[in-house]
Amino acid sequence: VGRAMPQVHFSKSDRLAQRVAGHERSEPIGYGGGRMRMMAWAVLAFALFVLALGVMLFNGLVSARNQVRAAWSDIDVQLKRRYDLVPQLVTVVQAYADYERATLITVAELRARAMAAQHLADKAQLEGELARQIDRILVLQERYPDLKASENFLALQRDLVDVENYLQYARRYYNGSVRDLNNRIESFPSLLVARVSGFRAAEFYRADGAQDAPT
């Protein structure tokens with residue numbers, strides 16, 4: 001007669017420990033999958049954040065660049081207005097002060113060179129010289145009473161003064177816009193977007209031709 005196997009009796013605490021151990025052995029599979037999903041969502045959220053930040057920075061750069069272009073357009077309008085007034089001024093002054101022919105020729109030459117200038121530094125320098133020569137012509141009225149009494153001369157004088165006053169305001173606005181754009185291009189993290197997208201620093205405009213920043 002075979003012997004019966006002895007029965008092993010487990011206490012309640014032993015059975016509880018076995019259940020806990022079994023649970024721990026089966027947990028890593030489900031736990032690992034949940035962890036991977038959480039990591040995937042985290043990576044996706046970070047990618048979306050980076051994308052949104054890049055779009056926001058890019059739009060900011062575009063807006064700043066467009067503001068610079070608009071500001072330069074304001075300057076360009078006034079410069080063209082002055083180009084139109086200079087020949088009229090030369091004609092009027094020549095009728096009353098023919099002895100100032102050298103000054104008038106200088107003004108006409110500076111106007112032509114300024115209109116043809118391609119680089120902002122050269123254009124700014126020529127515009128500064130042109131403005132100074134125009135001032136010299138305007139003060140000729142003190143030596144020529146007939147010129148001072150000319151209504152055409154006085155009207156041109158008012159127009160040229162208005163142009164210069166507006167140019168001073170337009171230059172300040174333009175340089176402020178350039179400063180804002182350049183700060184964006186040179187600051188982190190927008191400089192990363194600027195380099196990838198091909199944004200370049202803009203040039204400051206000075207009436208004497210001095211430039212604060214290269215292109």
# chains A, B, ... in the order shown; residues from 1 in each chain; ligands from 1
>>> residues_around(residues="A:Ile137", least_positions_apart="4", cutoff="8 Å", atoms="only C-alpha atoms", output="ChimeraX atom specification")
/A:93,103-104,133,141
>>> write_last_selection(atoms="N, CA and C atoms", output="PDB file, in the first residue's frame")
ATOM      1  N   VAL A  93      15.984 129.182 -58.454  1.00  0.00           N
ATOM      2  CA  VAL A  93      17.136 129.909 -57.911  1.00  0.00           C
ATOM      3  C   VAL A  93      18.021 130.432 -59.037  1.00  0.00           C
ATOM      4  N   THR A 103      27.025 125.895 -56.934  1.00  0.00           N
ATOM      5  CA  THR A 103      26.217 125.214 -55.915  1.00  0.00           C
ATOM      6  C   THR A 103      25.062 124.455 -56.549  1.00  0.00           C
ATOM      7  N   LEU A 104      24.443 125.084 -57.545  1.00  0.00           N
ATOM      8  CA  LEU A 104      23.311 124.433 -58.210  1.00  0.00           C
ATOM      9  C   LEU A 104      23.751 123.176 -58.964  1.00  0.00           C
ATOM     10  N   GLN A 133      23.438 120.599 -49.005  1.00  0.00           N
ATOM     11  CA  GLN A 133      23.520 121.522 -50.134  1.00  0.00           C
ATOM     12  C   GLN A 133      22.192 122.239 -50.360  1.00  0.00           C
ATOM     13  N   GLN A 141      18.386 133.159 -49.994  1.00  0.00           N
ATOM     14  CA  GLN A 141      17.361 134.200 -50.010  1.00  0.00           C
ATOM     15  C   GLN A 141      17.787 135.425 -49.209  1.00  0.00           C
TER      16      GLN A 141
END
>>> residues_around(residues="A:Arg158", least_positions_apart="5", cutoff="12 Å", atoms="only C-alpha atoms", output="mmCIF file with C-alpha atoms, in the first residue's frame")
data_model
loop_
_atom_site.group_PDB
_atom_site.id
_atom_site.type_symbol
_atom_site.label_atom_id
_atom_site.label_comp_id
_atom_site.auth_asym_id
_atom_site.auth_seq_id
_atom_site.Cartn_x
_atom_site.Cartn_y
_atom_site.Cartn_z
ATOM 1 C CA ARG A 82 12.672 115.500 -52.714
ATOM 2 C CA LEU A 85 11.504 119.177 -55.896
ATOM 3 C CA LEU A 89 14.406 124.585 -56.859
ATOM 4 C CA LEU A 138 17.647 127.918 -49.125
ATOM 5 C CA GLU A 151 6.322 132.765 -54.254
ATOM 6 C CA ASN A 152 7.630 129.743 -56.137
ATOM 7 C CA PHE A 153 10.807 129.735 -54.052
ATOM 8 C CA VAL A 163 10.112 116.549 -46.547
ATOM 9 C CA GLU A 164 13.116 116.821 -44.241
ATOM 10 C CA ASN A 165 10.942 116.855 -41.129
#
>>> closest_residue(among="A:Leu57, A:Leu110, A:Ala40, A:Ala52", to="A:Lys123", atoms="only C-alpha atoms")
A:Leu110
>>> atom_distance(atom1="atom CA of A:Asp122", atom2="atom CA of A:Gln94")
28.3 Å
>>> atom_distance(atom1="atom CA of A:Gln118", atom2="atom CA of A:Ala202")
14.9 Å
>>> atom_distance(atom1="atom CA of A:Ser150", atom2="atom CA of A:Thr91")
12.3 Å
>>> residues_around(residues="A:Tyr166", least_positions_apart="5", cutoff="9 Å", atoms="only C-alpha atoms", output="JSON, numbers by chain")
{"A": [75, 78, 161, 171]}
>>> closest_residue(among="A:Ala124, A:Ala47, A:Leu160, A:Ala95", to="A:Tyr144", atoms="only C-alpha atoms")
A:Ala95
>>> closest_residue(among="A:Val50, A:Ala170, A:Ile185, A:Met56", to="A:Asp74", atoms="only C-alpha atoms")
A:Ala170
>>> residues_around(residues="A:Ser73", least_positions_apart="5", cutoff="12 Å", atoms="only C-alpha atoms", output="MDAnalysis selection string")
chainID A and resid 66:68 78:80 167 170:171 173:174
>>> write_last_selection(atoms="N, CA and C atoms", output="compact mmCIF listing (two decimals), in the first residue's frame")
# COMPACT_ATOMS: atom_id res chain seq x y z
N ASN A 66 8.63 92.53 -42.45
CA ASN A 66 7.66 93.31 -43.20
C ASN A 66 7.56 94.74 -42.66
N GLN A 67 7.71 94.87 -41.36
CA GLN A 67 7.67 96.21 -40.76
C GLN A 67 8.86 97.04 -41.22
N VAL A 68 10.03 96.41 -41.34
CA VAL A 68 11.21 97.10 -41.84
C VAL A 68 10.98 97.55 -43.29
N GLN A 78 9.46 109.80 -49.47
CA GLN A 78 9.93 111.17 -49.21
C GLN A 78 11.18 111.50 -50.01
N LEU A 79 12.07 110.53 -50.19
CA LEU A 79 13.26 110.78 -50.99
C LEU A 79 12.87 111.07 -52.44
N LYS A 80 11.92 110.32 -52.97
CA LYS A 80 11.47 110.57 -54.34
C LYS A 80 10.78 111.92 -54.45
N LEU A 167 11.24 113.02 -43.08
CA LEU A 167 12.34 112.06 -43.19
C LEU A 167 12.97 111.76 -41.83
N ALA A 170 10.62 109.38 -40.23
CA ALA A 170 10.64 108.09 -40.93
C ALA A 170 11.94 107.34 -40.64
N ARG A 171 13.06 108.04 -40.54
CA ARG A 171 14.33 107.38 -40.23
C ARG A 171 14.31 106.78 -38.83
N TYR A 173 11.67 105.77 -37.18
CA TYR A 173 10.78 104.60 -37.20
C TYR A 173 11.45 103.42 -37.90
N TYR A 174 12.13 103.71 -39.00
CA TYR A 174 12.81 102.64 -39.73
C TYR A 174 13.91 102.01 -38.88
>>> select_by_dssp(residues="chain A", states="alpha helix (DSSP H)", output="ChimeraX atom specification")
/A:12-96,101-116,120-138,145-148,151-186,190-197
>>> closest_residue(among="A:Tyr205, A:Ser190, A:Gln125, A:Asn182", to="A:Val55", atoms="only C-alpha atoms")
A:Ser190
>>> closest_residue(among="A:Val139, A:Leu61, A:Val43, A:Met36", to="A:Ala201", atoms="only C-alpha atoms")
A:Leu61
>>> closest_residue(among="A:Glu142, A:Gly60, A:Ala117, A:Leu147", to="A:Asp98", atoms="only C-alpha atoms")
A:Leu147
